[in-house]
>>> print(open('coords-v8.txt').read())   # compact mmCIF, C-alpha atoms
# COMPACT_ATOMS: atom_id res chain seq x y z
CA MET A 1 -38.96 -34.51 -3.43
CA THR A 2 -40.43 -32.07 -0.93
CA VAL A 3 -39.68 -28.35 -0.85
CA GLN A 4 -37.76 -28.79 2.41
CA GLN A 5 -35.59 -31.61 1.01
CA ALA A 6 -34.83 -29.58 -2.09
CA PHE A 7 -33.93 -26.53 -0.04
CA GLU A 8 -31.52 -28.52 2.11
CA SER A 9 -29.77 -29.69 -1.07
CA PHE A 10 -29.77 -26.10 -2.32
CA LEU A 11 -28.00 -24.92 0.85
CA VAL A 12 -25.36 -27.65 0.47
CA GLU A 13 -24.75 -26.43 -3.08
CA GLN A 14 -24.29 -22.86 -1.85
CA GLN A 15 -21.77 -24.03 0.75
CA ILE A 16 -19.83 -25.92 -1.93
CA ARG A 17 -19.76 -22.75 -4.03
CA GLY A 18 -18.14 -20.97 -1.10
CA ASN A 19 -20.94 -18.55 -0.29
CA SER A 20 -20.54 -16.71 3.00
CA PRO A 21 -22.47 -17.59 6.18
CA LYS A 22 -24.40 -14.30 5.74
CA THR A 23 -25.56 -15.41 2.30
CA LEU A 24 -26.66 -18.78 3.66
CA THR A 25 -28.54 -17.04 6.47
CA TYR A 26 -30.21 -14.80 3.87
CA TYR A 27 -31.47 -17.81 1.90
CA GLN A 28 -32.56 -19.54 5.11
CA SER A 29 -34.54 -16.49 6.22
CA GLY A 30 -36.23 -16.18 2.83
CA MET A 31 -37.25 -19.82 2.74
CA ASN A 32 -38.45 -19.78 6.34
CA ARG A 33 -40.83 -16.98 5.36
CA PHE A 34 -42.08 -18.97 2.36
CA ARG A 35 -42.53 -22.19 4.33
CA GLY A 36 -44.49 -20.26 6.94
CA PHE A 37 -46.83 -19.16 4.17
CA LEU A 38 -47.24 -22.73 2.88
CA GLU A 39 -48.12 -24.08 6.37
CA ARG A 40 -47.07 -27.56 5.21
CA ASN A 41 -44.23 -29.20 3.29
CA PRO A 42 -45.49 -29.78 -0.27
CA THR A 43 -43.65 -31.58 -3.03
CA LEU A 44 -41.91 -29.56 -5.72
CA PRO A 45 -44.47 -30.42 -8.45
CA GLU A 46 -47.10 -28.70 -6.31
CA LEU A 47 -45.36 -25.36 -6.77
CA ASN A 48 -46.94 -23.28 -9.51
CA LEU A 49 -47.27 -19.67 -10.60
CA PRO A 50 -50.70 -19.01 -8.98
CA LEU A 51 -49.30 -20.20 -5.64
CA LEU A 52 -46.28 -17.93 -5.98
CA ARG A 53 -48.50 -14.97 -6.80
CA GLU A 54 -50.55 -15.70 -3.69
CA TYR A 55 -47.30 -15.54 -1.75
CA VAL A 56 -46.58 -12.06 -3.16
CA LEU A 57 -50.05 -10.90 -2.08
CA HIS A 58 -49.40 -12.44 1.33
CA LEU A 59 -46.18 -10.42 1.69
CA GLN A 60 -47.93 -7.25 0.54
CA ALA A 61 -50.54 -7.70 3.28
CA GLU A 62 -47.82 -7.78 5.95
CA ASP A 63 -46.24 -4.70 7.48
CA LEU A 64 -43.04 -4.96 5.45
CA SER A 65 -41.14 -2.44 3.37
CA THR A 66 -41.04 -3.01 -0.39
CA VAL A 67 -37.30 -3.63 -0.14
CA THR A 68 -37.85 -6.37 2.46
CA ARG A 69 -40.50 -7.99 0.26
CA GLN A 70 -38.09 -7.94 -2.64
CA SER A 71 -35.43 -9.54 -0.48
CA TYR A 72 -37.68 -12.47 0.43
CA ILE A 73 -38.75 -12.95 -3.19
CA ARG A 74 -35.16 -12.81 -4.48
CA ALA A 75 -34.20 -15.64 -2.14
CA LEU A 76 -37.13 -17.74 -3.34
CA ARG A 77 -36.35 -17.00 -7.00
CA ALA A 78 -32.75 -18.12 -6.51
CA PHE A 79 -34.03 -21.39 -5.06
CA LEU A 80 -36.50 -21.90 -7.93
CA THR A 81 -33.81 -21.21 -10.54
CA TRP A 82 -31.56 -23.78 -8.88
CA CYS A 83 -34.38 -26.36 -8.84
CA TYR A 84 -34.88 -25.85 -12.58
CA SER A 85 -31.13 -26.12 -13.30
CA GLU A 86 -31.05 -29.41 -11.36
CA ASP A 87 -34.06 -30.75 -13.32
CA LEU A 88 -36.18 -30.80 -10.17
CA LEU A 89 -38.76 -28.51 -11.80
CA PRO A 90 -39.92 -28.83 -15.42
CA VAL A 91 -40.35 -25.06 -15.79
CA ASN A 92 -38.22 -22.16 -14.57
CA LEU A 93 -40.90 -20.50 -12.46
CA SER A 94 -38.58 -17.65 -11.47
CA GLU A 95 -38.67 -16.26 -15.04
CA LYS A 96 -42.39 -15.55 -14.69
CA PHE A 97 -42.23 -14.82 -10.98
CA LYS A 98 -41.21 -11.17 -11.22
CA LEU A 99 -40.12 -8.86 -8.44
CA PRO A 100 -42.61 -6.20 -7.33
CA LYS A 101 -41.33 -2.67 -7.79
CA ALA A 102 -39.68 -1.14 -4.76
CA LYS A 103 -39.79 2.51 -3.85
CA ARG A 104 -36.53 4.25 -4.61
CA LYS A 105 -35.33 6.19 -1.60
CA VAL A 106 -33.02 9.17 -1.71
CA ILE A 107 -29.67 7.98 -0.37
CA ASP A 108 -28.79 9.74 2.88
CA ILE A 109 -25.19 10.87 3.40
CA LEU A 110 -23.20 12.82 5.96
CA THR A 111 -22.74 16.52 5.38
CA ASP A 112 -19.15 17.79 5.27
CA GLU A 113 -19.64 19.34 8.71
CA GLU A 114 -20.98 16.06 10.12
CA ALA A 115 -18.07 14.11 8.64
CA ARG A 116 -15.59 16.54 10.23
CA ARG A 117 -17.43 16.30 13.55
CA LEU A 118 -17.28 12.51 13.41
CA MET A 119 -13.59 12.23 12.59
CA SER A 120 -12.59 14.88 15.14
CA SER A 121 -14.47 13.07 17.93
CA PHE A 122 -11.72 10.47 18.40
CA ASN A 123 -8.75 10.94 20.73
CA PRO A 124 -5.84 9.15 18.98
CA ARG A 125 -3.80 9.12 22.20
CA TYR A 126 -5.90 6.11 23.23
CA LEU A 127 -5.34 2.95 21.20
CA ILE A 128 -9.02 1.96 21.00
CA GLN A 129 -9.95 5.47 19.91
CA LEU A 130 -7.23 5.37 17.24
CA ARG A 131 -8.54 1.98 16.11
CA ASN A 132 -12.06 3.35 15.81
CA TYR A 133 -10.78 6.37 13.87
CA CYS A 134 -9.16 3.98 11.37
CA ILE A 135 -12.37 1.96 11.07
CA CYS A 136 -14.41 5.06 10.23
CA ALA A 137 -11.71 6.32 7.87
CA LEU A 138 -11.81 3.07 5.88
CA MET A 139 -15.57 3.37 5.50
CA LEU A 140 -15.64 7.09 4.77
CA ASP A 141 -12.54 7.31 2.55
CA SER A 142 -12.57 3.90 0.86
CA GLY A 143 -16.19 2.73 1.04
CA LEU A 144 -15.59 -0.53 2.90
CA ARG A 145 -18.49 -2.52 4.30
CA MET A 146 -18.62 -3.32 8.00
CA ASP A 147 -17.66 -6.98 7.61
CA GLU A 148 -14.88 -6.05 5.17
CA VAL A 149 -13.34 -3.88 7.88
CA SER A 150 -13.68 -6.47 10.63
CA THR A 151 -12.07 -9.19 8.49
CA LEU A 152 -9.30 -7.02 7.02
CA ASP A 153 -6.04 -8.97 7.12
CA LEU A 154 -2.55 -7.60 7.73
CA SER A 155 -1.15 -9.56 4.80
CA LEU A 156 -3.58 -7.83 2.42
CA LEU A 157 -2.80 -4.30 3.62
CA HIS A 158 -0.32 -2.48 1.34
CA LEU A 159 0.21 0.92 2.92
CA PRO A 160 3.32 2.04 0.97
CA GLU A 161 1.53 1.33 -2.30
CA GLY A 162 -1.73 2.87 -1.07
CA TYR A 163 -4.19 0.02 -1.41
CA ALA A 164 -5.76 -2.92 0.41
CA ILE A 165 -7.24 -6.19 -0.81
CA VAL A 166 -10.56 -6.87 0.87
CA ASN A 167 -12.72 -9.96 1.03
CA GLY A 168 -16.14 -8.86 -0.20
CA LYS A 169 -19.48 -10.57 -0.67
CA GLY A 170 -19.34 -14.09 -2.07
CA ASN A 171 -15.70 -14.38 -0.94
CA LYS A 172 -14.69 -12.19 -3.89
CA GLN A 173 -11.53 -10.19 -3.39
CA ARG A 174 -11.04 -6.70 -4.80
CA VAL A 175 -8.49 -3.92 -4.62
CA VAL A 176 -9.51 -0.78 -2.74
CA PRO A 177 -7.46 2.46 -2.77
CA LEU A 178 -6.48 4.04 0.53
CA GLY A 179 -6.33 7.81 1.04
CA LEU A 180 -3.22 9.46 2.47
CA ASN A 181 -4.83 10.34 5.84
CA THR A 182 -6.20 6.81 6.19
CA ARG A 183 -2.77 5.33 5.45
CA LYS A 184 -1.13 7.60 8.06
CA ALA A 185 -3.71 6.65 10.67
CA LEU A 186 -3.35 2.94 9.92
CA LEU A 187 0.43 3.14 10.13
CA ARG A 188 0.16 4.90 13.47
CA TYR A 189 -2.26 2.27 14.75
CA LEU A 190 -0.17 -0.67 13.53
CA ASN A 191 2.96 0.77 15.16
CA ARG A 192 1.12 0.82 18.50
CA ARG A 193 -0.89 -2.36 17.99
CA PRO A 194 0.33 -5.27 20.17
CA GLY A 195 2.49 -7.58 18.09
CA CYS A 196 1.80 -10.65 20.21
CA ALA A 197 -1.72 -11.22 18.89
CA SER A 198 -2.43 -14.73 17.58
CA THR A 199 -4.35 -13.43 14.58
CA GLY A 200 -3.56 -11.82 11.28
CA ARG A 201 -6.51 -9.45 11.47
CA VAL A 202 -5.75 -5.74 11.47
CA PHE A 203 -8.20 -4.59 14.13
CA LEU A 204 -8.16 -6.08 17.62
CA LYS A 205 -10.19 -5.75 20.80
CA SER A 206 -8.53 -5.02 24.13
CA ASP A 207 -8.15 -8.78 24.75
CA LEU A 208 -6.15 -9.05 21.50
CA GLN A 209 -8.93 -10.97 19.78
CA PRO A 210 -10.10 -9.73 16.37
CA ILE A 211 -13.06 -7.38 16.33
CA SER A 212 -16.41 -8.54 14.97
CA ASP A 213 -19.35 -6.82 13.31
CA SER A 214 -20.86 -6.54 16.79
CA THR A 215 -17.83 -4.54 17.94
CA ILE A 216 -18.39 -2.03 15.14
CA LYS A 217 -22.14 -1.82 15.78
CA GLN A 218 -21.47 -1.10 19.45
CA MET A 219 -18.99 1.60 18.42
CA PHE A 220 -21.63 3.32 16.27
CA ARG A 221 -24.22 3.12 19.06
CA LYS A 222 -21.85 5.10 21.27
CA LEU A 223 -20.97 7.50 18.46
CA LYS A 224 -24.63 8.43 17.97
CA LYS A 225 -24.68 10.04 21.39
CA ARG A 226 -21.14 11.41 21.37
CA VAL A 227 -21.26 13.22 18.03
CA GLY A 228 -24.98 13.99 18.06
CA ILE A 229 -25.81 12.28 14.77
CA PRO A 230 -28.63 9.82 15.58
CA ARG A 231 -28.76 8.32 12.07
CA ILE A 232 -25.07 7.43 11.93
CA ARG A 233 -24.25 3.84 10.99
CA ALA A 234 -21.66 1.95 8.99
CA HIS A 235 -23.48 2.03 5.65
CA LEU A 236 -24.09 5.78 5.93
CA LEU A 237 -20.32 6.27 5.70
CA ARG A 238 -20.15 4.00 2.65
CA HIS A 239 -22.96 5.99 0.99
CA THR A 240 -21.12 9.20 1.78
CA PHE A 241 -17.91 7.90 0.20
CA ALA A 242 -19.68 6.85 -3.01
CA THR A 243 -21.53 10.15 -3.36
CA ARG A 244 -18.46 12.30 -2.70
CA TYR A 245 -16.42 10.16 -5.11
CA LEU A 246 -18.83 10.94 -7.95
CA GLU A 247 -19.21 14.59 -6.95
CA ASN A 248 -15.44 15.00 -7.17
CA GLY A 249 -15.32 13.66 -10.73
CA GLY A 250 -14.76 9.97 -10.03
CA ASP A 251 -15.63 7.46 -12.75
CA ILE A 252 -18.77 5.41 -12.07
CA TYR A 253 -17.20 2.25 -13.51
CA ALA A 254 -14.20 2.62 -11.22
CA LEU A 255 -16.60 3.22 -8.33
CA GLN A 256 -18.37 -0.04 -9.16
CA GLN A 257 -15.07 -1.90 -8.76
CA ILE A 258 -14.19 -0.11 -5.52
CA LEU A 259 -17.59 -0.81 -3.96
CA GLY A 260 -17.64 -4.41 -5.16
CA HIS A 261 -21.07 -4.10 -6.80
CA THR A 262 -21.98 -6.59 -9.51
CA SER A 263 -24.04 -4.11 -11.51
CA LEU A 264 -24.20 -0.41 -12.28
CA GLU A 265 -27.80 -0.40 -11.09
CA MET A 266 -26.56 -1.13 -7.57
CA VAL A 267 -24.07 1.74 -7.84
>>> encode(input="coords-v8.txt", output="structure tokens")
Amino acid sequence: MTVQQAFESFLVEQQIRGNSPKTLTYYQSGMNRFRGFLERNPTLPELNLPLLREYVLHLQAEDLSTVTRQSYIRALRAFLTWCYSEDLLPVNLSEKFKLPKAKRKVIDILTDEEARRLMSSFNPRYLIQLRNYCICALMLDSGLRMDEVSTLDLSLLHLPEGYAIVNGKGNKQRVVPLGLNTRKALLRYLNRRPGCASTGRVFLKSDLQPISDSTIKQMFRKLKKRVGIPRIRAHLLRHTFATRYLENGGDIYALQQILGHTSLEMV
């Protein structure tokens, strides 16, 4: 079996497991990089540790961050582990194919003044502005990811009880607490939100279609200029939430559950 044939089977397996389209794209990107290095389509028995180490050196020679290199290697290691579990490889090469160390960066967050400037920049008299306020509040007060906000469903929003159920990475659901101000803003938005929409999603565009990640990215591009914070983006708000949660005495294990991280190292 060739590497390409095995990878196609690997992708089918990931789809059966219910992995998200983003995860599939991640694996596809990683393998495309590896196949570009190979320059041909070898059979699986031709894969060996010296070849994999050459690939690491190849990545190091490119103008890539250490985090990006790690990302490509993680995708390849997942594929190699699957090949071994399916008896397509006699040895689990991923066990000896270690990740190169990545530089640890200091996590950037919004200052309290910047957070106030951001949240006060919206005019809630306009429905779209109120919607965008709610989006930022969910990221800043509850730590939601961008795609978790865009796919938030009305049926999973429990405002009286103060929590929401979000669909996280790997289609895993988790419970996320909602702050009082966020709940008030969401209630105000939902009371004004058109009820004739043919979708169960919380956040809608002006044509009553659900928003997408692109909608949120466009919102942040405009916010950069309006609030004068060039580095502002969705994940910056999530980082700010996590940091403030710990600074205010929050439990790191509870934070792990709220963020939907699989390990404390990620937290």
>>> residues_around(input="coords-v8.txt", residues="Thr215 in chain A", least_positions_apart="4", cutoff="9 Å", atoms="all atoms listed in the file", output="ChimeraX atom specification")
/A:150,205,211,219-220
>>> write_last_selection(input="coords-v8.txt", atoms="C-alpha atoms", output="mmCIF file, in the frame of the given file")
data_model
loop_
_atom_site.group_PDB
_atom_site.id
_atom_site.type_symbol
_atom_site.label_atom_id
_atom_site.label_comp_id
_atom_site.auth_asym_id
_atom_site.auth_seq_id
_atom_site.Cartn_x
_atom_site.Cartn_y
_atom_site.Cartn_z
ATOM 1 C CA SER A 150 -13.680 -6.470 10.630
ATOM 2 C CA LYS A 205 -10.190 -5.750 20.800
ATOM 3 C CA ILE A 211 -13.060 -7.380 16.330
ATOM 4 C CA MET A 219 -18.990 1.600 18.420
ATOM 5 C CA PHE A 220 -21.630 3.320 16.270
#
>>> atom_distance(input="coords-v8.txt", atom1="CA of Cys134 in chain A", atom2="CA of Asn19 in chain A")
28.0 Å
>>> closest_residue(input="coords-v8.txt", among="A:Leu89, A:Ile258, A:Leu130, A:Val202", to="Met1 in chain A", atoms="all atoms listed in the file")
A:Leu89
>>> residues_near_point(input="coords-v8.txt", point="(-21.9, -13.4, -3.3)", cutoff="12 Å", atoms="all atoms listed in the file", output="PyMOL selection string")
chain A and resi 14-15+17-24+26-27+167-173+260-262
>>> write_last_selection(input="coords-v8.txt", atoms="C-alpha atoms", output="mmCIF file, in the frame of the given file")
data_model
loop_
_atom_site.group_PDB
_atom_site.id
_atom_site.type_symbol
_atom_site.label_atom_id
_atom_site.label_comp_id
_atom_site.auth_asym_id
_atom_site.auth_seq_id
_atom_site.Cartn_x
_atom_site.Cartn_y
_atom_site.Cartn_z
ATOM 1 C CA GLN A 14 -24.290 -22.860 -1.850
ATOM 2 C CA GLN A 15 -21.770 -24.030 0.750
ATOM 3 C CA ARG A 17 -19.760 -22.750 -4.030
ATOM 4 C CA GLY A 18 -18.140 -20.970 -1.100
ATOM 5 C CA ASN A 19 -20.940 -18.550 -0.290
ATOM 6 C CA SER A 20 -20.540 -16.710 3.000
ATOM 7 C CA PRO A 21 -22.470 -17.590 6.180
ATOM 8 C CA LYS A 22 -24.400 -14.300 5.740
ATOM 9 C CA THR A 23 -25.560 -15.410 2.300
ATOM 10 C CA LEU A 24 -26.660 -18.780 3.660
ATOM 11 C CA TYR A 26 -30.210 -14.800 3.870
ATOM 12 C CA TYR A 27 -31.470 -17.810 1.900
ATOM 13 C CA ASN A 167 -12.720 -9.960 1.030
ATOM 14 C CA GLY A 168 -16.140 -8.860 -0.200
ATOM 15 C CA LYS A 169 -19.480 -10.570 -0.670
ATOM 16 C CA GLY A 170 -19.340 -14.090 -2.070
ATOM 17 C CA ASN A 171 -15.700 -14.380 -0.940
ATOM 18 C CA LYS A 172 -14.690 -12.190 -3.890
ATOM 19 C CA GLN A 173 -11.530 -10.190 -3.390
ATOM 20 C CA GLY A 260 -17.640 -4.410 -5.160
ATOM 21 C CA HIS A 261 -21.070 -4.100 -6.800
ATOM 22 C CA THR A 262 -21.980 -6.590 -9.510
#
>>> residues_near_point(input="coords-v8.txt", point="(-39.4, -11.4, -1.0)", cutoff="9 Å", atoms="only C-alpha atoms", output="PyMOL selection string")
chain A and resi 30+33-34+55-56+59+66-77+99-100
>>> atom_distance(input="coords-v8.txt", atom1="CA of Ser29 in chain A", atom2="CA of Thr43 in chain A")
19.9 Å
>>> closest_residue(input="coords-v8.txt", among="A:Leu186, A:Ala254, A:Ala115, A:Ala137", to="Gly228 in chain A", atoms="all atoms listed in the file")
A:Ala115
>>> closest_residue(input="coords-v8.txt", among="A:Val176, A:Phe97, A:Thr243, A:Gly36", to="Arg145 in chain A", atoms="all atoms listed in the file")
A:Val176
>>> atom_distance(input="coords-v8.txt", atom1="CA of Thr240 in chain A", atom2="CA of Leu110 in chain A")
5.9 Å
>>> closest_residue(input="coords-v8.txt", among="A:Arg174, A:Gly195, A:Ser206, A:Arg226", to="Gln257 in chain A", atoms="only C-alpha atoms")
A:Arg174
>>> closest_residue(input="coords-v8.txt", among="A:Ile252, A:Leu140, A:Val175, A:Leu223", to="Leu156 in chain A", atoms="all atoms listed in the file")
A:Val175
>>> residues_around(input="coords-v8.txt", residues="Gln5 in chain A", least_positions_apart="5", cutoff="10 Å", atoms="only C-alpha atoms", output="PyMOL selection string")
chain A and resi 10+41+43-44
>>> write_last_selection(input="coords-v8.txt", atoms="C-alpha atoms", output="short mmCIF file (atom, residue, chain, number, x, y, z; two decimals), in the frame of the given file")
data_model
loop_
_atom_site.label_atom_id
_atom_site.label_comp_id
_atom_site.auth_asym_id
_atom_site.auth_seq_id
_atom_site.Cartn_x
_atom_site.Cartn_y
_atom_site.Cartn_z
CA PHE A 10 -29.77 -26.10 -2.32
CA ASN A 41 -44.23 -29.20 3.29
CA THR A 43 -43.65 -31.58 -3.03
CA LEU A 44 -41.91 -29.56 -5.72
#
>>> residues_around(input="coords-v8.txt", residues="Val149 in chain A", least_positions_apart="5", cutoff="9 Å", atoms="only C-alpha atoms", output="compact mmCIF listing (two decimals) with C-alpha atoms, in the coordinates of the input")
# COMPACT_ATOMS: atom_id res chain seq x y z
CA ILE A 135 -12.37 1.96 11.07
CA LEU A 138 -11.81 3.07 5.88
CA MET A 139 -15.57 3.37 5.50
CA LEU A 144 -15.59 -0.53 2.90
CA VAL A 166 -10.56 -6.87 0.87
CA VAL A 202 -5.75 -5.74 11.47
CA PHE A 203 -8.20 -4.59 14.13
CA ASP A 213 -19.35 -6.82 13.31
>>> residues_around(input="coords-v8.txt", residues="Glu86 in chain A", least_positions_apart="6", cutoff="12 Å", atoms="only C-alpha atoms", output="list in words")
Ala6, Ser9, Phe10, Glu13, Phe79, Leu80 and Asn92 of chain A
>>> write_last_selection(input="coords-v8.txt", atoms="C-alpha atoms", output="short mmCIF file (atom, residue, chain, number, x, y, z; two decimals), in the frame of the given file")
data_model
loop_
_atom_site.label_atom_id
_atom_site.label_comp_id
_atom_site.auth_asym_id
_atom_site.auth_seq_id
_atom_site.Cartn_x
_atom_site.Cartn_y
_atom_site.Cartn_z
CA ALA A 6 -34.83 -29.58 -2.09
CA SER A 9 -29.77 -29.69 -1.07
CA PHE A 10 -29.77 -26.10 -2.32
CA GLU A 13 -24.75 -26.43 -3.08
CA PHE A 79 -34.03 -21.39 -5.06
CA LEU A 80 -36.50 -21.90 -7.93
CA ASN A 92 -38.22 -22.16 -14.57
#
